[in-house]
Every structure is written in C-alpha cells, then in structure tokens.
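Trainee: If you scroll down you'll find the structure; I have some questions about it.
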Number of protein chains: 2
Amino acid sequence: MDNRIKEYRKQNKITQDELAKAVDVTRQTIISLENGKYNASLQLAHKIAKYFGVMIEDLFLFEEE
Amino acid sequence: MDNRIKEYRKQNKITQDELAKAVDVTRQTIISLENGKYNASLQLAHKIAKYFGVMIEDLFLFEEE
DNA sequence: GGAAAATGTAAAATATACTTGACATTTTCA
DNA sequence: TGAAAATGTCAAGTATATTTTACATTTTCC
C-alpha cells in the first residue's frame, strides 16, 4: 500500500526523527513506512494522520487489492 | 481500540459470516474484532469501512492512547 | 420445545508490524 | 571541502494480526 507520509513530512518541514518521536515510534519505523517496506498499523496510521491534520484515507492509498 | 463494526453490521442486517466473506477474512477475525480481542490492520479497516460506506475514523474510535 | 443458524471460545500456527543496534550513504550548509 | 545532520540498509528479536480447526453456547423461528 502506497502512502504520502514523506510528502506530508516535507511539507511540514520536519525530519524522520521528529515525526517518529511525535507519533511515538522508532525512526526505523518511519523509514520503513516511507519506503514501502510494510504497512502501518491502524493506530499508527491514525496518529500520523492526526499529526498532519488529515484523514487516514488522505494519507494512505488503498487503490490496489 | 473500540469500534462500531457490530453496530454497522446489524444496521446492514448481515451476519458475521457474510461480512467476513465480503472483506475476505475468516469469521473468527470478525468475531475477534467485534469483541475487542485485537485491532484491525489498516487494510482490513479500510475494506470494512468501504463496505459500509463510511470513513475509517467513523468505524474505529481512537480516543484513548 | 427442538432444529438450524448465528455467535462465541480456545489454542496452535503463520504472517506482518515494530524495535533495537550498529553501521553506510547522502544531503546540507558554514 | 569537510563536518554534522539526515536518510538509508541489514539482521535478529518481540509483539500483534490473521488463519485454521474443533467444539460450545445463544438466538431464531417453525
């Protein structure tokens, strides 16, 4: 599943480390999400979406199966 | 994390088995979600929300930490 | 009241999200 | 240009979501 985390993060001018701390995960988790290594959990998706002030559906792209 | 799956399912008058098949998981998964045994993955949350025609944020309650 | 349908429980196995730590590469900027 | 900051890779370990199977309880309804 694709996402716009990196996009929103750059718009907000914060680093991976800052985002990681803001949503209480490790930097490695942010890196892996941004690079499509795996998908966020529902909780984490919500925290990140909330941090950027958007809906989960805006942040993650669910098109494919 | 609490959710309104059972609520929406009953509004739509379908069984756990029907919902499970519609979103392509086992009935056990639906039971466990409805009874708060664990949280849905982001993909599953999206499939269920889409099935009911609501936003993920309407279906899951993220209030607590 | 009894059969069928729906819902639930339990436990083991598998898949995937997330952490930890150590180190390599790229980007930024004085 | 060179040092510091930011981003990335790798691999092993832990936590949690989902499946599978088998059976128990509750609800529905004739």
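Naming scheme: A, B, ... for chains in displayed order of the structure tokens; residues 1 onward per chain; ligands 1 onward as shown.
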Using only C-alpha atoms (C1' of nucleotides), tabulate the residues of chain A lying at most 10 Å from any atom of chain D, each with its closest atom pair and that distance in Å to one decimal, by chain and increasing residue number, as JSON lines.

Mentor:
{"residue": "A:Thr15", "atom": "CA", "partner": "D:DA6", "partner_atom": "C1'", "distance": 7.4}
{"residue": "A:Gln16", "atom": "CA", "partner": "D:DA6", "partner_atom": "C1'", "distance": 8.2}
{"residue": "A:Asp17", "atom": "CA", "partner": "D:DA6", "partner_atom": "C1'", "distance": 8.8}
{"residue": "A:Gln28", "atom": "CA", "partner": "D:DG8", "partner_atom": "C1'", "distance": 9.4}
{"residue": "A:Ile31", "atom": "CA", "partner": "D:DG8", "partner_atom": "C1'", "distance": 7.9}
{"residue": "A:Ser32", "atom": "CA", "partner": "D:DG8", "partner_atom": "C1'", "distance": 9.7}
{"residue": "A:Asn35", "atom": "CA", "partner": "D:DG8", "partner_atom": "C1'", "distance": 9.8}
{"residue": "A:Ser41", "atom": "CA", "partner": "D:DA17", "partner_atom": "C1'", "distance": 9.5}

Trainee: Please return as a list in words: the residues of chain B that backbone DSSP assigns to strand (DSSP E or B).

Mentor: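 DSSP-assigned strand (DSSP E or B) residues in chain B: Asp2, Asn3, Ser41, Phe60 and Leu61 of chain B.
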
Trainee: Please dump the current selection as a compact mmCIF listing (two decimals), in the first residue's frame; keep C-alpha atoms.

Mentor:
# COMPACT_ATOMS: atom_id res chain seq x y z
CA ASP B 2 -13.10 0.32 20.30
CA ASN B 3 -15.08 0.07 17.07
CA SER B 41 -4.89 -3.91 10.21
CA PHE B 60 -12.96 2.99 14.80
CA LEU B 61 -12.73 5.03 17.99

Trainee: Show me, as a list of chain:residue names, every residue of chain B with an atom at most 12 Å from chain A, counting only C-alpha atoms.

Mentor: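 That gives the following set of residues: B:Met1, B:Asp2, B:Asn3, B:Val23, B:Asp24, B:Tyr38, B:Asn39, B:Ala40, B:Ser41, B:Leu42, B:Gln43, B:Leu44, B:Ala45, B:His46, B:Lys47, B:Ala49, B:Lys50, B:Val54, B:Met55, B:Ile56, B:Glu57, B:Asp58, B:Leu59, B:Phe60, B:Leu61, B:Phe62, B:Glu63, B:Glu64, B:Glu65.
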
Trainee: Write the residues you've just listed into a file as a PDB file, in the first residue's frame, and include C-alpha atoms for each of them.

Mentor:
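This went into result_37.pdb:
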ATOM      1  CA  MET B   1      -9.330   0.425  20.436  1.00  0.00           C
ATOM      2  CA  ASP B   2     -13.104   0.323  20.301  1.00  0.00           C
ATOM      3  CA  ASN B   3     -15.083   0.065  17.069  1.00  0.00           C
ATOM      4  CA  VAL B  23     -13.987  -8.364   3.167  1.00  0.00           C
ATOM      5  CA  ASP B  24     -12.122 -11.607   2.608  1.00  0.00           C
ATOM      6  CA  TYR B  38      -7.302  -7.126  18.828  1.00  0.00           C
ATOM      7  CA  ASN B  39      -7.268  -4.298  16.316  1.00  0.00           C
ATOM      8  CA  ALA B  40      -7.758  -4.487  12.587  1.00  0.00           C
ATOM      9  CA  SER B  41      -4.892  -3.914  10.207  1.00  0.00           C
ATOM     10  CA  LEU B  42      -5.086  -0.759   8.114  1.00  0.00           C
ATOM     11  CA  GLN B  43      -6.056  -2.755   5.031  1.00  0.00           C
ATOM     12  CA  LEU B  44      -8.848  -4.573   6.790  1.00  0.00           C
ATOM     13  CA  ALA B  45     -10.080  -1.389   8.449  1.00  0.00           C
ATOM     14  CA  HIS B  46     -10.297   0.180   5.020  1.00  0.00           C
ATOM     15  CA  LYS B  47     -12.123  -2.779   3.474  1.00  0.00           C
ATOM     16  CA  ALA B  49     -15.203   0.945   6.170  1.00  0.00           C
ATOM     17  CA  LYS B  50     -15.560   0.835   2.402  1.00  0.00           C
ATOM     18  CA  VAL B  54     -18.070   5.175   5.914  1.00  0.00           C
ATOM     19  CA  MET B  55     -14.688   6.645   6.799  1.00  0.00           C
ATOM     20  CA  ILE B  56     -12.220   4.624   8.859  1.00  0.00           C
ATOM     21  CA  GLU B  57     -12.459   7.321  11.507  1.00  0.00           C
ATOM     22  CA  ASP B  58     -16.222   6.712  11.762  1.00  0.00           C
ATOM     23  CA  LEU B  59     -15.796   2.990  12.277  1.00  0.00           C
ATOM     24  CA  PHE B  60     -12.961   2.991  14.798  1.00  0.00           C
ATOM     25  CA  LEU B  61     -12.732   5.034  17.991  1.00  0.00           C
ATOM     26  CA  PHE B  62      -9.255   6.350  18.567  1.00  0.00           C
ATOM     27  CA  GLU B  63      -9.891   8.461  21.676  1.00  0.00           C
ATOM     28  CA  GLU B  64      -7.608   6.700  24.203  1.00  0.00           C
ATOM     29  CA  GLU B  65      -3.847   6.346  23.949  1.00  0.00           C
TER      30      GLU B  65
END

Trainee: Within 10 Å of chain B, which residues of chain C are there when counting only C-alpha atoms (C1' of nucleotides)? Please give them as a PyMOL selection string.

Mentor: chain C and resi 6-8+16-17

Trainee: Go ahead and save the residues from that selection, with C-alpha atoms (C1' of nucleotides), as a CSV table (one decimal), in the first residue's frame.

Mentor:
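Okay, result05.csv is ready:
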chain,number,residue,atom,x,y,z
C,6,DA,C1',-25.7,-17.4,14.4
C,7,DT,C1',-22.4,-16.3,17.7
C,8,DG,C1',-18.7,-17.4,20.8
C,16,DT,C1',3.3,-9.0,9.4
C,17,DA,C1',4.3,-4.6,12.2

Trainee: Work out how far apart CA of Val25 in chain B and CA of Val25 in chain A are and give it in Å to one decimal.

Mentor: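 It comes out at 28.1 Å.
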
Trainee: If you measure from CA of Lys37 in chain A to CA of Lys13 in chain A, what distance in Å do you get, rounded to one decimal?

Mentor: 22.8 Å
